[in-house]
Amino acid sequence: MTNLGGVEIILDKGPWNNHIDKTEESHRKIYDIDMVELSTKYGTPLYVLFEDIIEENYKKYQQTLEKEYKDYLICYAVKANTSYQILNLLSKMGCGADVASEYELQVALDAGIPTGKIRANGNCKNESYLEECITKEIIINVDPEEELKTINAIAKELGVPANINLRLAGFPIKHITSRAITTSGDWSKFGIDVKRAS
C-alpha cells in the first residue's frame, strides 16, 4: 500500500523474497514496481508498504510465541506508523495496539482494534488521555510510579475501576542484551524500580 496526503494504494504481489531489483536505468524496483515512477506519479515523500510482508512478519511473531506461551498478545506500536491501512490489516489478523496518545488511541479504534487489545503506554500521559482509557476500560501501563495517584483520583471521580499494569525497571540485564539497550536496566527514565514492586 502507498500513502501520501491521503493517497493509499494496496500493493499485493505475492512472495517477497525476490522483491528488490534494479532496472537498467538505475531505478529501484520492488515487486516489479518502479519506485521512481511511483514518486513521479504521487510526489514525495512517498511511503510504500507491502501487505504480504507485514502479514508474514506478524505470523512469524505468532509462530515464535506459540512455542512458548499459551496466552499472549502482540501489540503494534502505533507511533511507528499511524496509517489506517496498516492498523486495519493488523486488526483483521488479531493484533493489538500499543498507543501513547489520544490521537494514536483514536486511530487504533477507527481501524477496528477492540479496546480489550489496546495498551496505553508512555511516561507522560495527560489526564484527559488517562480518563479516556479508564472510561473505555483500556489497560494502562503505569509509568512513572506517580501516575498511580493520578489514575486513582480519576477512577474515583468517574466511579469506575482502572485496569493497570506496572512497567518495571531495574533488572540485572548485563550480559543478557545489547549494551545499548538500557530501558529495563539498573537506571532508566522508564518504569518503576522492581525493588519497589517486590
# chains A, B, ... in the order shown; residues from 1 in each chain; ligands from 1

$ select_by_dssp --residues "segment 51-83 of chain A" --states "helix (DSSP H, G or I)" --output "list in words"
Glu51, Asp52, Ile53, Ile54, Glu55, Glu56, Asn57, Tyr58, Lys59, Lys60, Tyr61, Gln62, Gln63, Thr64, Leu65, Glu66, Val78, Lys79 and Ala80 of chain A

$ select_by_dssp --residues "segment 12-178 of chain A" --states "strand (DSSP E)" --output "ChimeraX atom specification"
/A:20-22,28-30,33-34,47-48,75-77,96-99,118-120,139-142,164-166,168-169

$ write_last_selection --atoms "C-alpha atoms" --output "PDB file, in the first residue's frame"
ATOM      1  CA  ILE A  20      14.092  -5.749  -4.835  1.00  0.00           C
ATOM      2  CA  ASP A  21      15.514  -5.246  -8.300  1.00  0.00           C
ATOM      3  CA  LYS A  22      17.276  -2.510 -10.301  1.00  0.00           C
ATOM      4  CA  ARG A  28      14.853   0.934  -7.757  1.00  0.00           C
ATOM      5  CA  LYS A  29      12.130  -1.646  -8.339  1.00  0.00           C
ATOM      6  CA  ILE A  30      10.184  -3.527  -5.702  1.00  0.00           C
ATOM      7  CA  ILE A  33       7.058  -1.695  -9.446  1.00  0.00           C
ATOM      8  CA  ASP A  34       9.324   1.215 -10.318  1.00  0.00           C
ATOM      9  CA  TYR A  47       5.683   5.643   1.707  1.00  0.00           C
ATOM     10  CA  VAL A  48       5.221   2.252   0.079  1.00  0.00           C
ATOM     11  CA  CYS A  75       0.642  -5.185  20.039  1.00  0.00           C
ATOM     12  CA  TYR A  76       1.701  -2.953  17.170  1.00  0.00           C
ATOM     13  CA  ALA A  77       3.333   0.310  18.321  1.00  0.00           C
ATOM     14  CA  GLY A  96      -3.497  -5.402  19.423  1.00  0.00           C
ATOM     15  CA  ALA A  97      -2.193  -1.828  19.621  1.00  0.00           C
ATOM     16  CA  ASP A  98       0.325  -0.032  21.832  1.00  0.00           C
ATOM     17  CA  VAL A  99      -0.797   3.611  21.974  1.00  0.00           C
ATOM     18  CA  ILE A 118      -5.222  -1.857  23.321  1.00  0.00           C
ATOM     19  CA  ARG A 119      -2.495  -0.953  25.814  1.00  0.00           C
ATOM     20  CA  ALA A 120      -1.864   2.660  26.847  1.00  0.00           C
ATOM     21  CA  ILE A 139      -5.248  -1.387  30.223  1.00  0.00           C
ATOM     22  CA  ILE A 140      -2.853   1.380  31.243  1.00  0.00           C
ATOM     23  CA  ASN A 141       0.838   0.559  31.614  1.00  0.00           C
ATOM     24  CA  VAL A 142       1.687   2.724  34.626  1.00  0.00           C
ATOM     25  CA  ILE A 164      -3.455  -1.254  35.020  1.00  0.00           C
ATOM     26  CA  ASN A 165      -0.131  -2.973  34.502  1.00  0.00           C
ATOM     27  CA  LEU A 166       3.082  -1.762  36.128  1.00  0.00           C
ATOM     28  CA  LEU A 168       9.071  -2.266  35.844  1.00  0.00           C
ATOM     29  CA  ALA A 169      12.756  -1.436  35.504  1.00  0.00           C
TER      30      ALA A 169
END

$ residues_around --residues "Val194 of chain A" --least-positions-apart "2" --cutoff "9 Å" --atoms "only C-alpha atoms" --output "PyMOL selection string"
chain A and resi 167-171+191-192+196-198

$ write_last_selection --atoms "N, CA and C atoms" --output "JSON list (two decimals), in the first residue's frame"
[["chain", "number", "residue", "atom", "x", "y", "z"],
["A", 167, "ARG", "N", 4.84, -0.92, 34.66],
["A", 167, "ARG", "CA", 6.06, -1.06, 33.88],
["A", 167, "ARG", "C", 7.23, -1.04, 34.85],
["A", 168, "LEU", "N", 7.98, -2.13, 34.88],
["A", 168, "LEU", "CA", 9.07, -2.27, 35.84],
["A", 168, "LEU", "C", 10.43, -2.08, 35.18],
["A", 169, "ALA", "N", 11.37, -1.60, 35.96],
["A", 169, "ALA", "CA", 12.76, -1.44, 35.50],
["A", 169, "ALA", "C", 13.67, -1.82, 36.66],
["A", 170, "GLY", "N", 14.98, -1.74, 36.43],
["A", 170, "GLY", "CA", 15.94, -2.06, 37.48],
["A", 170, "GLY", "C", 16.35, -3.51, 37.49],
["A", 171, "PHE", "N", 16.18, -4.18, 36.36],
["A", 171, "PHE", "CA", 16.56, -5.59, 36.27],
["A", 171, "PHE", "C", 18.06, -5.72, 35.97],
["A", 191, "GLY", "N", 9.58, 3.33, 33.71],
["A", 191, "GLY", "CA", 9.23, 2.26, 34.64],
["A", 191, "GLY", "C", 9.45, 2.55, 36.11],
["A", 192, "ILE", "N", 9.01, 1.59, 36.90],
["A", 192, "ILE", "CA", 9.10, 1.65, 38.36],
["A", 192, "ILE", "C", 10.16, 0.65, 38.79],
["A", 196, "ARG", "N", 10.73, -1.68, 44.29],
["A", 196, "ARG", "CA", 9.54, -1.03, 44.87],
["A", 196, "ARG", "C", 8.31, -1.92, 44.72],
["A", 197, "ALA", "N", 8.33, -2.81, 43.74],
["A", 197, "ALA", "CA", 7.16, -3.64, 43.48],
["A", 197, "ALA", "C", 7.23, -4.98, 44.19],
["A", 198, "SER", "N", 8.35, -5.27, 44.84],
["A", 198, "SER", "CA", 8.50, -6.60, 45.50],
["A", 198, "SER", "C", 8.16, -6.54, 46.97]]

$ residues_around --residues "Ala108 of chain A" --least-positions-apart "2" --cutoff "9 Å" --atoms "only C-alpha atoms" --output "ChimeraX atom specification"
/A:78,82,84,87-88,91,96-99,103-106,110-115,118

$ atom_distance --atom1 "atom CA of Val160 of chain A" --atom2 "atom CA of Leu130 of chain A"
12.6 Å

$ closest_residue --among "A:Glu146, A:Gly116, A:Glu102, A:Asn81" --to "Tyr129 of chain A" --atoms "only C-alpha atoms"
A:Glu102

$ residues_around --residues "Gln62 of chain A" --least-positions-apart "5" --cutoff "12 Å" --atoms "only C-alpha atoms" --output "PDB file with N, CA and C atoms, in the first residue's frame"
ATOM      1  N   GLU A  55       2.040  -9.132   6.848  1.00  0.00           N
ATOM      2  CA  GLU A  55       1.374 -10.366   7.275  1.00  0.00           C
ATOM      3  C   GLU A  55       2.382 -11.457   7.634  1.00  0.00           C
ATOM      4  N   GLU A  56       3.399 -11.617   6.801  1.00  0.00           N
ATOM      5  CA  GLU A  56       4.405 -12.651   7.039  1.00  0.00           C
ATOM      6  C   GLU A  56       5.157 -12.390   8.339  1.00  0.00           C
ATOM      7  N   ASN A  57       5.534 -11.141   8.578  1.00  0.00           N
ATOM      8  CA  ASN A  57       6.244 -10.801   9.820  1.00  0.00           C
ATOM      9  C   ASN A  57       5.367 -11.042  11.045  1.00  0.00           C
ATOM     10  N   LYS A  67       5.212 -21.228  20.530  1.00  0.00           N
ATOM     11  CA  LYS A  67       6.091 -22.302  21.005  1.00  0.00           C
ATOM     12  C   LYS A  67       6.301 -22.231  22.518  1.00  0.00           C
ATOM     13  N   GLU A  68       6.175 -21.034  23.077  1.00  0.00           N
ATOM     14  CA  GLU A  68       6.491 -20.837  24.494  1.00  0.00           C
ATOM     15  C   GLU A  68       5.291 -20.473  25.365  1.00  0.00           C
ATOM     16  N   TYR A  69       4.283 -19.836  24.767  1.00  0.00           N
ATOM     17  CA  TYR A  69       3.187 -19.287  25.570  1.00  0.00           C
ATOM     18  C   TYR A  69       1.823 -19.708  25.036  1.00  0.00           C
ATOM     19  N   LYS A  70       0.897 -19.952  25.967  1.00  0.00           N
ATOM     20  CA  LYS A  70      -0.490 -20.228  25.565  1.00  0.00           C
ATOM     21  C   LYS A  70      -1.280 -18.929  25.455  1.00  0.00           C
ATOM     22  N   ASP A  71      -0.887 -17.971  26.277  1.00  0.00           N
ATOM     23  CA  ASP A  71      -1.628 -16.708  26.338  1.00  0.00           C
ATOM     24  C   ASP A  71      -0.673 -15.551  26.046  1.00  0.00           C
ATOM     25  N   TYR A  72      -0.891 -14.851  24.965  1.00  0.00           N
ATOM     26  CA  TYR A  72      -0.045 -13.719  24.602  1.00  0.00           C
ATOM     27  C   TYR A  72      -0.847 -12.754  23.731  1.00  0.00           C
ATOM     28  N   LEU A  73      -0.356 -11.553  23.633  1.00  0.00           N
ATOM     29  CA  LEU A  73      -0.974 -10.549  22.758  1.00  0.00           C
ATOM     30  C   LEU A  73       0.137  -9.761  22.081  1.00  0.00           C
ATOM     31  N   ILE A  74       0.136  -9.771  20.772  1.00  0.00           N
ATOM     32  CA  ILE A  74       1.084  -8.965  20.005  1.00  0.00           C
ATOM     33  C   ILE A  74       0.443  -7.599  19.804  1.00  0.00           C
ATOM     34  N   CYS A  75       1.160  -6.551  20.197  1.00  0.00           N
ATOM     35  CA  CYS A  75       0.642  -5.185  20.039  1.00  0.00           C
ATOM     36  C   CYS A  75       1.556  -4.392  19.109  1.00  0.00           C
ATOM     37  N   MET A  93      -5.995  -9.512  11.580  1.00  0.00           N
ATOM     38  CA  MET A  93      -5.192 -10.683  11.930  1.00  0.00           C
ATOM     39  C   MET A  93      -5.211 -10.962  13.436  1.00  0.00           C
ATOM     40  N   GLY A  94      -5.855 -10.094  14.214  1.00  0.00           N
ATOM     41  CA  GLY A  94      -5.964 -10.304  15.654  1.00  0.00           C
ATOM     42  C   GLY A  94      -4.971  -9.535  16.483  1.00  0.00           C
ATOM     43  N   CYS A  95      -4.255  -8.612  15.865  1.00  0.00           N
ATOM     44  CA  CYS A  95      -3.224  -7.842  16.557  1.00  0.00           C
ATOM     45  C   CYS A  95      -3.840  -6.789  17.471  1.00  0.00           C
TER      46      CYS A  95
END

$ atom_distance --atom1 "atom CA of Asn123 of chain A" --atom2 "atom CA of Leu65 of chain A"
26.9 Å

$ atom_distance --atom1 "atom CA of Val36 of chain A" --atom2 "atom CA of Leu49 of chain A"
15.2 Å
